[in-house]
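The structure under discussion appears below in the form of C-alpha cells.
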Amino acid sequence: MILFAGSANLDFVVRASHIPAPGETVLGQSFATYPGGKGANQAAACAKAGRAPTQMLLALGCDDFAKPIEASLQDAGVQLLSQRIADTPTGTAFICVSDDAQNAITVAPGANARLQPTHLPSLEGVTHLVMQLEIPLATVRAFAQRARDQGVQVVLNAAPAQPLDQALLGTIDLLIVNEGELSAVSPTAGSIAQRMRTLNLSAVITTLGDKGCCALSEAGFWVEPAVSVQAVDTTGAGDTFCGVLVAALASKSTLPAATAKASAAAALACMLPGAQSSIPSAQSLDDFMAAHKTQSDVAREQLLAYCGLQPSDLQVL
Ligand code: RIB
C-alpha cells in the first residue's frame, strides 16, 4: 500500500491569453473548477494511471468544496483517510492558464494547514509514504521520521519550493524536485547534476518540464527526455509524474523504467485541462508508451548537456 499524506484543493481556473504581470488585469476566456492539490493529484495518478493500491490522508473543511475532491479521489480508486476540520475552509487554488499552456498558481491552504503530526494513521502494510510541502513542515517532518523508524520508504516532492534542513533531508529516501525547487534545496553553484550530487541522498529526481528529467541513485545518473506533445494545460503534470513514478517503483520497476513511465504519464496529463481531470487511465498510458517506445539519441544528448553530464556518467542498464 502507498500512503499519500498531503494537500487537496479545489482549483479555480481561468484561461487567458497570458498570465497577468503584477498590477495588470487580463480579460480571460473561460472559467472552470477542478479537483486539485499536489497530494491529491499524486494519489489519484498513483491509483488510476499507476494501478497501485493507494491511500490518502487529507484534511478538508466541512463545506461543499470538499465534495468534488472526495468524489474525484474515490473515482480514481484512492482509499480516503479524511480529517474534517470544523472551522476552516477546504483548500483552494487560484490558477491562470495561458494560451501556451503555462500556469501561475496561488494556493489558499485552508484545512491543509491543519494536518497535524497526530493525524498519521497506522503504517502497517504501507511500503511508501509520499508527501509534498503544501501541509505544515512540522507535520512532514514528524510523518517522515515515524515512517523511517518503521522501515517505510519516504518520498518527498519538495513543492512548492522552500529550503530544507539536513535533519529532514536525512529522513528522505527519494526526493523529487523541479529545477526551481532544486535551487531551493541545493542552493550551491554548479550544474543540475552537481547540485543533485551535493544533496547526498540515496535517490533524487529533477523534473525539467518539456526537456525531461534527470535521476540519480546509488547506481548512477539516468536522463529521460520528455515525450513531445501538444500541451493545453501543464497543471498537475508534475504531480502525475510523481504518482506514477512511485506506483512503478512500488511494483519493483527500476528507476529508469519508472521515469520512462512517469514521463509518458506526465506528457499525457498536459493534453487535457485541469489537474486530476487530466490524469490518463492505465490503459491509455500503456497504449501511449507502446506508440512512443524510444526517445531520440539527440534529445538524450541535449538533456545530458543541459544537466552537466557526460554519457560516461550514466548508469549501465
Ligand atoms: O501541482 C498542481 C497543483 O498545485 C494544483 O492542483 C493546485 O491545487 C496546487 O496545489
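Residue names in the C-alpha cells use chain letters A, B, ... in the order shown, residue numbers from 1 in each chain, and ligand numbers from 1 in the order shown.
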**OP:** With only C-alpha atoms and all ligand atoms counted, collect every polymer residue having an atom within 7 Å of ligand 1; state the result as JSON, numbers by chain.
**Re:** {"A": [7, 8, 9, 10, 11, 35, 36, 37, 38, 41, 92, 93, 105, 107, 235, 236, 238, 239, 275]}
Write the residues of the preceding selection, restricted to N, CA and C atoms, as an mmCIF file, in the first residue's frame.
```
data_model
loop_
_atom_site.group_PDB
_atom_site.id
_atom_site.type_symbol
_atom_site.label_atom_id
_atom_site.label_comp_id
_atom_site.auth_asym_id
_atom_site.auth_seq_id
_atom_site.Cartn_x
_atom_site.Cartn_y
_atom_site.Cartn_z
ATOM 1 N N SER A 7 -1.902 17.612 0.499
ATOM 2 C CA SER A 7 -2.925 18.622 0.269
ATOM 3 C C SER A 7 -3.985 18.174 -0.721
ATOM 4 N N ALA A 8 -5.168 18.747 -0.537
ATOM 5 C CA ALA A 8 -6.253 18.596 -1.506
ATOM 6 C C ALA A 8 -6.884 19.974 -1.651
ATOM 7 N N ASN A 9 -7.011 20.444 -2.867
ATOM 8 C CA ASN A 9 -7.584 21.770 -3.124
ATOM 9 C C ASN A 9 -8.687 21.664 -4.155
ATOM 10 N N LEU A 10 -9.587 22.643 -4.147
ATOM 11 C CA LEU A 10 -10.452 22.833 -5.304
ATOM 12 C C LEU A 10 -9.795 23.938 -6.129
ATOM 13 N N ASP A 11 -9.492 23.616 -7.394
ATOM 14 C CA ASP A 11 -8.801 24.565 -8.273
ATOM 15 C C ASP A 11 -9.816 25.430 -9.020
ATOM 16 N N PRO A 35 -10.923 19.330 -9.265
ATOM 17 C CA PRO A 35 -10.239 18.814 -8.070
ATOM 18 C C PRO A 35 -8.723 18.878 -8.277
ATOM 19 N N GLY A 36 -8.013 19.379 -7.273
ATOM 20 C CA GLY A 36 -6.562 19.530 -7.386
ATOM 21 C C GLY A 36 -5.892 19.376 -6.038
ATOM 22 N N GLY A 37 -4.756 20.023 -5.902
ATOM 23 C CA GLY A 37 -3.915 19.874 -4.706
ATOM 24 C C GLY A 37 -2.834 18.857 -5.023
ATOM 25 N N LYS A 38 -1.593 19.201 -4.715
ATOM 26 C CA LYS A 38 -0.487 18.332 -5.135
ATOM 27 C C LYS A 38 -0.616 16.919 -4.567
ATOM 28 N N ASN A 41 -3.595 15.112 -6.279
ATOM 29 C CA ASN A 41 -3.282 14.798 -7.689
ATOM 30 C C ASN A 41 -2.345 13.592 -7.762
ATOM 31 N N THR A 92 -8.045 25.820 -1.404
ATOM 32 C CA THR A 92 -8.389 26.250 -2.765
ATOM 33 C C THR A 92 -7.117 26.717 -3.466
ATOM 34 N N ALA A 93 -7.169 26.663 -4.801
ATOM 35 C CA ALA A 93 -6.041 27.190 -5.585
ATOM 36 C C ALA A 93 -6.619 28.039 -6.703
ATOM 37 N N ILE A 105 -0.016 29.793 -10.105
ATOM 38 C CA ILE A 105 -0.915 29.221 -9.096
ATOM 39 C C ILE A 105 -0.728 29.929 -7.756
ATOM 40 N N VAL A 107 -2.149 29.379 -3.849
ATOM 41 C CA VAL A 107 -2.905 28.433 -3.011
ATOM 42 C C VAL A 107 -3.339 29.107 -1.717
ATOM 43 N N THR A 235 -0.899 22.034 -15.763
ATOM 44 C CA THR A 235 -1.231 21.898 -14.342
ATOM 45 C C THR A 235 -1.372 20.416 -13.970
ATOM 46 N N GLY A 236 -0.666 20.009 -12.944
ATOM 47 C CA GLY A 236 -0.788 18.634 -12.460
ATOM 48 C C GLY A 236 0.115 17.647 -13.193
ATOM 49 N N GLY A 238 3.405 17.521 -13.252
ATOM 50 C CA GLY A 238 4.456 17.098 -12.322
ATOM 51 C C GLY A 238 3.902 16.146 -11.263
ATOM 52 N N ASP A 239 2.677 16.385 -10.842
ATOM 53 C CA ASP A 239 2.050 15.500 -9.840
ATOM 54 C C ASP A 239 1.774 14.125 -10.445
ATOM 55 N N ALA A 275 -6.248 19.391 -13.306
ATOM 56 C CA ALA A 275 -5.222 18.585 -12.642
ATOM 57 C C ALA A 275 -5.656 17.114 -12.649
#
```
Subject >> helix (DSSP H, G or I) per DSSP on the backbone: members of stretch 150-307 of chain A, as an MDAnalysis selection string >> reply: chainID A and resid 166:169 179:185 192:198 209:211 237:250 255:269 276:278 282:291 297:307
Original post:
Can you list, as a ChimeraX atom specification, every residue of stretch 68-148 of chain A that DSSP puts in strand (DSSP E or B)?
Top reply: /A:78-85,91-98,103-108,128-131
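Residue nearest A:Gly151, chosen from A:Leu133, A:Leu245, A:His128, A:Glu301 and counting only C-alpha atoms: A:His128.
For A:Gly308, the residues within 10 Å (counting only C-alpha atoms, excluding itself and residues fewer than 6 positions away along the chain) are Gly190, Ser191, Ile192, Ala193, Gln194 and Gln302 of chain A.
Here atom CA of A:Thr171 and atom CA of A:Leu137 stand 13.3 Å from one another.
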**OP:** Write out as a ChimeraX atom specification each polymer residue whose atoms come within 6 Å of stretch 61-69 of chain A, counting only C-alpha atoms; drop sequence neighbours fewer than 6 positions from it.
**Re:** /A:35,84-86,88-90,111
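Nearest to A:Val177 of all the residues A:Ala16, A:Val140, A:Ala215, A:Leu120 is A:Ala215, based on only C-alpha atoms.
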**OP:** Considering only C-alpha atoms, state which residue in the set A:Thr33, A:Gln153, A:Thr25, A:Gln116 is at the smallest distance from A:Leu58.
**Re:** A:Gln116
Subject >> Minimum-distance residue to A:Ser122, chosen among A:Thr240, A:Ser251, A:Gln310, A:Gln150 (using only C-alpha atoms) >> reply: A:Gln150
**OP:** For A:Phe143, please output as a ChimeraX atom specification all residues within 9 Å (counting only C-alpha atoms; exclusion window: fewer than 4 positions along the same chain).
**Re:** /A:5,117,120,129,131,138-139,147-148
Could you please take those selected residues and save C-alpha atoms as a CSV table (one decimal), in the first residue's frame?
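Resulting contents of result_21.csv:
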```csv
chain,number,residue,atom,x,y,z
A,5,ALA,CA,-0.2,12.5,3.1
A,117,PRO,CA,1.5,15.1,13.4
A,120,LEU,CA,-0.8,9.9,10.9
A,129,LEU,CA,4.8,7.3,2.3
A,131,MET,CA,4.4,13.9,0.8
A,138,ALA,CA,6.4,20.2,11.2
A,139,THR,CA,3.9,17.6,10.1
A,147,ALA,CA,7.8,6.3,8.6
A,148,ARG,CA,11.6,6.0,8.5
```
Original post:
Near stretch 283-294 of chain A, within 12 Å and counting only C-alpha atoms, which residues show up once chain neighbours fewer than 5 positions away are dropped, as a count of residues only?
Top reply: 28
Original post:
Which neighbours of A:Thr127 fall inside 6 Å, counting only C-alpha atoms, when residues of the same chain fewer than 5 positions from it are skipped, and could you give them as a list in words?
Top reply: Met1, Ile2 and Val152 of chain A
Selected residues written out, C-alpha atoms, as an mmCIF file, in the first residue's frame:
```
data_model
loop_
_atom_site.group_PDB
_atom_site.id
_atom_site.type_symbol
_atom_site.label_atom_id
_atom_site.label_comp_id
_atom_site.auth_asym_id
_atom_site.auth_seq_id
_atom_site.Cartn_x
_atom_site.Cartn_y
_atom_site.Cartn_z
ATOM 1 C CA MET A 1 0.000 0.000 0.000
ATOM 2 C CA ILE A 2 1.228 3.503 -0.878
ATOM 3 C CA VAL A 152 8.633 2.659 5.254
#
```
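The nearest approach to A:His18 among the residues A:Val185, A:Ala71, A:Leu81, A:Val97, with only C-alpha atoms taken into account, belongs to A:Val97.
You can rank A:Leu255, A:Ile135, A:Leu309, A:Val232 by their closest distance to A:Ala203 using only C-alpha atoms, and at the top of that list sits A:Leu255.
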